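Please read the structure below before turning to the comments.
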Amino acid sequence: MQKRLNLLITTYTLLTVISVISLYVLGEKRVDVYVSLNILAYYVSYATLRPTIINRAVRFLNIALFIVFTIIVSFRIYEVLTS
Amino acid sequence: MNMRLLVLGLNILVVSILLVVYGILIGDNGLVGIALSTSIIGGVLVVYSTTPQDPSITALMSYSEILTNAIISTLEDLDLLESQICVIKRGNHALLVYSKNPCPIEVDPGVGFTSGSPYLAIPLKTLIEFSESSSETTSTLLERALTTLLIEEYSACRSVRVEEEGGFYRVYINGLIEVLKQYLEKPIDPYTLLTLMAASIALTTRCVRLVDKRIMPDSILLIIGVEHSAEKT
C-alpha cells in the first residue's frame with residue numbers, strides 16, 4: 001500500500017513539474033491554467049495509481065479539487081461565450 | 001500518520017505561499033501560477049500523510065496469524081470447528097466464545113463445559129471507546145463503530161454498511177485487503193472478530209452472535225444476532 005502511495009505522489013509531482021515548466025517556458029501568464037493542469041495531473045495519477053485505502057481527508061481533497069477545477073473551467077467557458 | 005510526508009507537505013506549502021506573495025509583489029503571474037501549483041502539491045502531501053500506514057495492517061496480520069494458529073488446534077481438539085461464535089459482555093470486559101450452544105452466558109475464560117457441551121472463551125480487549133448519540137439508530141451506531149475500527153484504525157477495508165432487518169444486523173464490508181482475505185475461510189478471521197467486538201460495544205447488549213457469514217470476491221456479509229439486552233449499571 002505504501003509503495004502505491006509513493007508511486008502516486010512521485011507520478012503526480014513529475015507530471016506537475018513537466019506541465020508547469022512547459023507553461024512557463026511558453027510564456028503562459030494565466031494563473032488558472034497552472035492550477036487546472038495541476039489538478040488534471042493529480043486526477044490522472046489518482047485514476048491510474050489509486051491507493052488501496054482512502055480516508056475521509058482524501059475524499060474531501062478529491063471533491064475540493066474537482067470543485068476548483070469546475071469553477072476554473074466554467075469561468076473560461078463563460079469568458080469565451082461572452083467575448 | 002506519516003510525519004515525514006506531513007513535514008514535507010507543510011514546508012512546501014510555506015515556501016509556495018511565500019513565492020505567491022513574492023510573485024504578486026513583482027507582478028509575475030507566471031511565478032504566481034507556479035507557486036500556486038506547488039502549494040497544491042504541498043496540500044496533497046499533507047492530506048496523504050493522514051492515510052493509515054502499513055504497520056497497523058502488519059500488526060493486524062501478525063495478530064491474526066498467531067490467533068488463528070492457536071485457536072484452530074484447540075477448536076479441533078474440542079470438536080468446535082462447526083460451532084457458533086458469539087461475544088459475551090461481562091462488565092467492562094468481553095469474551096469471544098466458541099460453543100455448540102448459541103450464546104452461553106455463564107462461561108469463564110478458557111476451556112470448559114456448559115449445558116453438556118464444550119466451549120472455548122477468549123478474553124477480548126476493548127479496542128475502541130465512542131460516545132453514543134440519542135438521535136442515532138442502533139444500525140448507525142454500529143456502522144460508525146465499525147468505520148472507526150475497520151477503516152480509520154486498521155484500514156482493513158474500503159467501506160462498511162450496516163442494515164437492520166427483523167432484529168438482525170447485516171454488515172456489508174467492502175474492499176477487503178488482499179493480505180487479510182486468506183483468513184476468511186478459517187474459523188477465526190479479523191473481520192468477524194472486530195465486527196462482533198464492535199457490535200457488543202455499540203449495541204449495549206449482553207451477547208452478540210454470528211448468525212451467518214457470506215464471503216464474496218472483494219467483500220464479506222456478516223449477519224449478526226443480538227441476545228439478552230444488558231442492564232444499565
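If you're wondering about the labels, chains in the C-alpha cells are A, B, ... by order shown, residues count from 1 in each chain, ligands from 1 in order shown.
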Contacts of B:Ile223 at 12 Å or less, counting only C-alpha atoms, minus same-chain residues fewer than 6 places along, as an MDAnalysis selection string? chainID B and resid 85:86 161:173 192 195:196 199 208:215
Using only C-alpha atoms, find each residue of chain B with at least one atom at most 9 Å away from an atom of chain A; report its shortest atom-to-atom pair and that distance in Å (one decimal), sort the rows by chain and rising residue number, and return the result as a tab-separated table.
```
residue	atom	partner	partner_atom	distance
B:Asp28	CA	A:Lys29	CA	7.8
B:Asn29	CA	A:Lys29	CA	5.1
B:Gly30	CA	A:Lys29	CA	4.8
B:Leu31	CA	A:Tyr24	CA	8.1
B:Val32	CA	A:Val31	CA	6.6
B:Gly33	CA	A:Val31	CA	4.3
B:Ile34	CA	A:Val20	CA	6.2
B:Leu36	CA	A:Val35	CA	6.7
B:Ser37	CA	A:Val35	CA	5.4
B:Thr38	CA	A:Thr16	CA	8.4
B:Ile40	CA	A:Asn38	CA	7.7
B:Ile41	CA	A:Thr13	CA	7.1
B:Gly43	CA	A:Leu61	CA	8.8
B:Val44	CA	A:Leu61	CA	7.6
B:Leu45	CA	A:Ile9	CA	7.6
B:Val47	CA	A:Ala57	CA	6.1
B:Tyr48	CA	A:Val58	CA	6.7
B:Thr50	CA	A:Ala57	CA	7.5
B:Thr51	CA	A:Asn55	CA	6.2
B:Pro52	CA	A:Asn55	CA	8.1
B:Gln53	CA	A:Gln2	CA	7.0
B:Asp54	CA	A:Gln2	CA	6.5
B:Ile151	CA	A:Asn55	CA	7.6
B:Glu152	CA	A:Asn55	CA	7.1
B:Ser155	CA	A:Ile53	CA	6.4
B:Ala156	CA	A:Ile53	CA	8.2
B:Cys157	CA	A:Ile53	CA	7.1
B:Arg158	CA	A:Ile53	CA	5.8
B:Gly175	CA	A:Thr52	CA	8.4
B:Ile177	CA	A:Thr52	CA	8.0
```
Generate the output file for the selected residues, C-alpha atoms, as an mmCIF file, in the first residue's frame.
```
data_model
loop_
_atom_site.group_PDB
_atom_site.id
_atom_site.type_symbol
_atom_site.label_atom_id
_atom_site.label_comp_id
_atom_site.auth_asym_id
_atom_site.auth_seq_id
_atom_site.Cartn_x
_atom_site.Cartn_y
_atom_site.Cartn_z
ATOM 1 C CA ASP B 28 4.966 37.995 -12.432
ATOM 2 C CA ASN B 29 1.791 35.956 -12.966
ATOM 3 C CA GLY B 30 3.797 33.006 -14.251
ATOM 4 C CA LEU B 31 5.626 32.757 -10.944
ATOM 5 C CA VAL B 32 2.327 33.064 -9.064
ATOM 6 C CA GLY B 33 0.945 30.184 -11.137
ATOM 7 C CA ILE B 34 3.994 28.024 -10.438
ATOM 8 C CA LEU B 36 0.076 28.048 -6.546
ATOM 9 C CA SER B 37 0.690 24.793 -8.362
ATOM 10 C CA THR B 38 3.407 23.930 -5.867
ATOM 11 C CA ILE B 40 -1.435 22.304 -4.274
ATOM 12 C CA ILE B 41 1.307 19.656 -4.273
ATOM 13 C CA GLY B 43 -1.605 20.351 0.265
ATOM 14 C CA VAL B 44 -1.910 16.925 -1.381
ATOM 15 C CA LEU B 45 1.127 15.684 0.542
ATOM 16 C CA VAL B 47 -3.645 15.157 3.138
ATOM 17 C CA TYR B 48 -1.983 11.918 2.107
ATOM 18 C CA THR B 50 -3.024 11.299 7.176
ATOM 19 C CA THR B 51 -3.709 7.981 5.406
ATOM 20 C CA PRO B 52 -3.114 4.908 7.580
ATOM 21 C CA GLN B 53 0.302 3.352 7.320
ATOM 22 C CA ASP B 54 1.371 -0.225 6.709
ATOM 23 C CA ILE B 151 -11.299 1.844 8.226
ATOM 24 C CA GLU B 152 -9.785 4.625 10.327
ATOM 25 C CA SER B 155 -7.547 0.387 7.102
ATOM 26 C CA ALA B 156 -8.807 -3.162 6.752
ATOM 27 C CA CYS B 157 -11.471 -2.321 4.180
ATOM 28 C CA ARG B 158 -12.769 0.418 1.902
ATOM 29 C CA GLY B 175 -12.954 -3.553 -0.417
ATOM 30 C CA ILE B 177 -7.361 -6.019 1.985
#
```
State, in Å with one decimal place, the distance from atom CA of B:Val20 to atom CA of B:Ala35.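 Pair atom CA of B:Val20 / atom CA of B:Ala35 returns 5.4 Å.
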Taking 3 positions as the minimum chain separation for residues in the same chain, which residues sit within 10 Å of B:Pro190 when counting only C-alpha atoms? Answer as a PDB file with C-alpha atoms, in the first residue's frame.
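Result saved to part.pdb:
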```pdb
ATOM      1  CA  LEU B  60      -3.272  -6.990  12.456  1.00  0.00           C
ATOM      2  CA  MET B  61      -1.850  -9.678  10.167  1.00  0.00           C
ATOM      3  CA  TYR B  63      -2.134 -10.943  15.426  1.00  0.00           C
ATOM      4  CA  SER B  64      -4.489 -12.827  13.080  1.00  0.00           C
ATOM      5  CA  GLU B  65      -1.800 -15.410  12.240  1.00  0.00           C
ATOM      6  CA  LEU B  67      -4.623 -16.197  16.952  1.00  0.00           C
ATOM      7  CA  THR B  68      -5.669 -18.425  14.065  1.00  0.00           C
ATOM      8  CA  LEU B 150     -12.021  -1.184  10.396  1.00  0.00           C
ATOM      9  CA  ALA B 156      -8.807  -3.162   6.752  1.00  0.00           C
ATOM     10  CA  LEU B 180      -6.342 -10.456   5.202  1.00  0.00           C
ATOM     11  CA  LYS B 181      -8.523 -12.368   2.717  1.00  0.00           C
ATOM     12  CA  TYR B 183      -8.210 -15.714   6.900  1.00  0.00           C
ATOM     13  CA  LEU B 184     -11.810 -15.505   5.672  1.00  0.00           C
ATOM     14  CA  LEU B 193     -13.763 -10.752  15.327  1.00  0.00           C
ATOM     15  CA  LEU B 194     -13.633  -6.969  15.033  1.00  0.00           C
ATOM     16  CA  THR B 195     -17.280  -6.775  13.890  1.00  0.00           C
ATOM     17  CA  LEU B 196     -18.557  -8.854  16.804  1.00  0.00           C
TER      18      LEU B 196
END
```
Write down as a ChimeraX atom specification the residues of chain A whose backbone DSSP state falls under alpha helix (DSSP H). /A:2-25,31-48,56-82
Go ahead and save the residues from that selection, with C-alpha atoms, as a CSV table (one decimal), in the first residue's frame.
```
chain,number,residue,atom,x,y,z
A,2,GLN,CA,2.8,2.4,0.9
A,3,LYS,CA,4.6,1.6,-2.4
A,4,ARG,CA,1.4,2.5,-4.3
A,5,LEU,CA,1.1,5.8,-2.4
A,6,ASN,CA,4.7,6.7,-3.1
A,7,LEU,CA,4.3,6.0,-6.8
A,8,LEU,CA,1.2,8.1,-6.9
A,9,ILE,CA,2.9,11.1,-5.3
A,10,THR,CA,6.0,10.7,-7.5
A,11,THR,CA,4.0,10.5,-10.7
A,12,TYR,CA,1.8,13.4,-9.7
A,13,THR,CA,4.8,15.5,-8.8
A,14,LEU,CA,6.6,14.6,-12.1
A,15,LEU,CA,3.5,15.4,-14.2
A,16,THR,CA,3.1,18.7,-12.4
A,17,VAL,CA,6.7,19.8,-12.8
A,18,ILE,CA,6.7,18.9,-16.5
A,19,SER,CA,3.4,20.8,-17.1
A,20,VAL,CA,4.5,23.9,-15.0
A,21,ILE,CA,7.9,24.2,-16.6
A,22,SER,CA,6.4,23.8,-20.1
A,23,LEU,CA,3.8,26.5,-19.4
A,24,TYR,CA,6.4,28.9,-18.0
A,25,VAL,CA,8.7,28.4,-21.0
A,31,VAL,CA,-2.6,31.6,-13.1
A,32,ASP,CA,-5.7,29.4,-13.5
A,33,VAL,CA,-4.0,27.4,-16.3
A,34,TYR,CA,-1.3,26.3,-14.0
A,35,VAL,CA,-3.8,25.4,-11.3
A,36,SER,CA,-6.1,23.5,-13.6
A,37,LEU,CA,-3.3,21.5,-15.2
A,38,ASN,CA,-2.0,20.6,-11.7
A,39,ILE,CA,-5.5,19.3,-10.8
A,40,LEU,CA,-5.6,17.3,-14.1
A,41,ALA,CA,-2.2,15.8,-13.3
A,42,TYR,CA,-3.5,14.8,-9.9
A,43,TYR,CA,-6.6,13.1,-11.3
A,44,VAL,CA,-4.6,11.3,-14.0
A,45,SER,CA,-2.2,10.0,-11.3
A,46,TYR,CA,-5.0,9.1,-9.0
A,47,ALA,CA,-7.0,7.3,-11.7
A,48,THR,CA,-4.0,5.1,-12.7
A,56,ARG,CA,-12.2,10.9,4.6
A,57,ALA,CA,-9.5,13.6,4.1
A,58,VAL,CA,-8.5,12.2,0.7
A,59,ARG,CA,-12.2,12.1,-0.3
A,60,PHE,CA,-12.6,15.7,0.8
A,61,LEU,CA,-9.5,16.7,-1.2
A,62,ASN,CA,-10.8,15.0,-4.3
A,63,ILE,CA,-14.1,16.8,-4.0
A,64,ALA,CA,-12.4,20.2,-3.3
A,65,LEU,CA,-10.0,19.9,-6.3
A,66,PHE,CA,-12.9,18.9,-8.5
A,67,ILE,CA,-14.9,22.0,-7.4
A,68,VAL,CA,-11.9,24.3,-8.0
A,69,PHE,CA,-11.4,22.7,-11.5
A,70,THR,CA,-15.1,23.1,-12.3
A,71,ILE,CA,-15.1,26.8,-11.3
A,72,ILE,CA,-12.0,27.5,-13.5
A,73,VAL,CA,-13.4,25.7,-16.5
A,74,SER,CA,-16.9,27.4,-16.0
A,75,PHE,CA,-15.2,30.8,-15.8
A,76,ARG,CA,-13.3,30.2,-19.0
A,77,ILE,CA,-16.3,28.9,-20.9
A,78,TYR,CA,-18.2,32.0,-19.7
A,79,GLU,CA,-15.4,34.2,-21.0
A,80,VAL,CA,-15.5,32.5,-24.4
A,81,LEU,CA,-19.3,32.8,-24.6
A,82,THR,CA,-19.4,36.4,-23.7
```
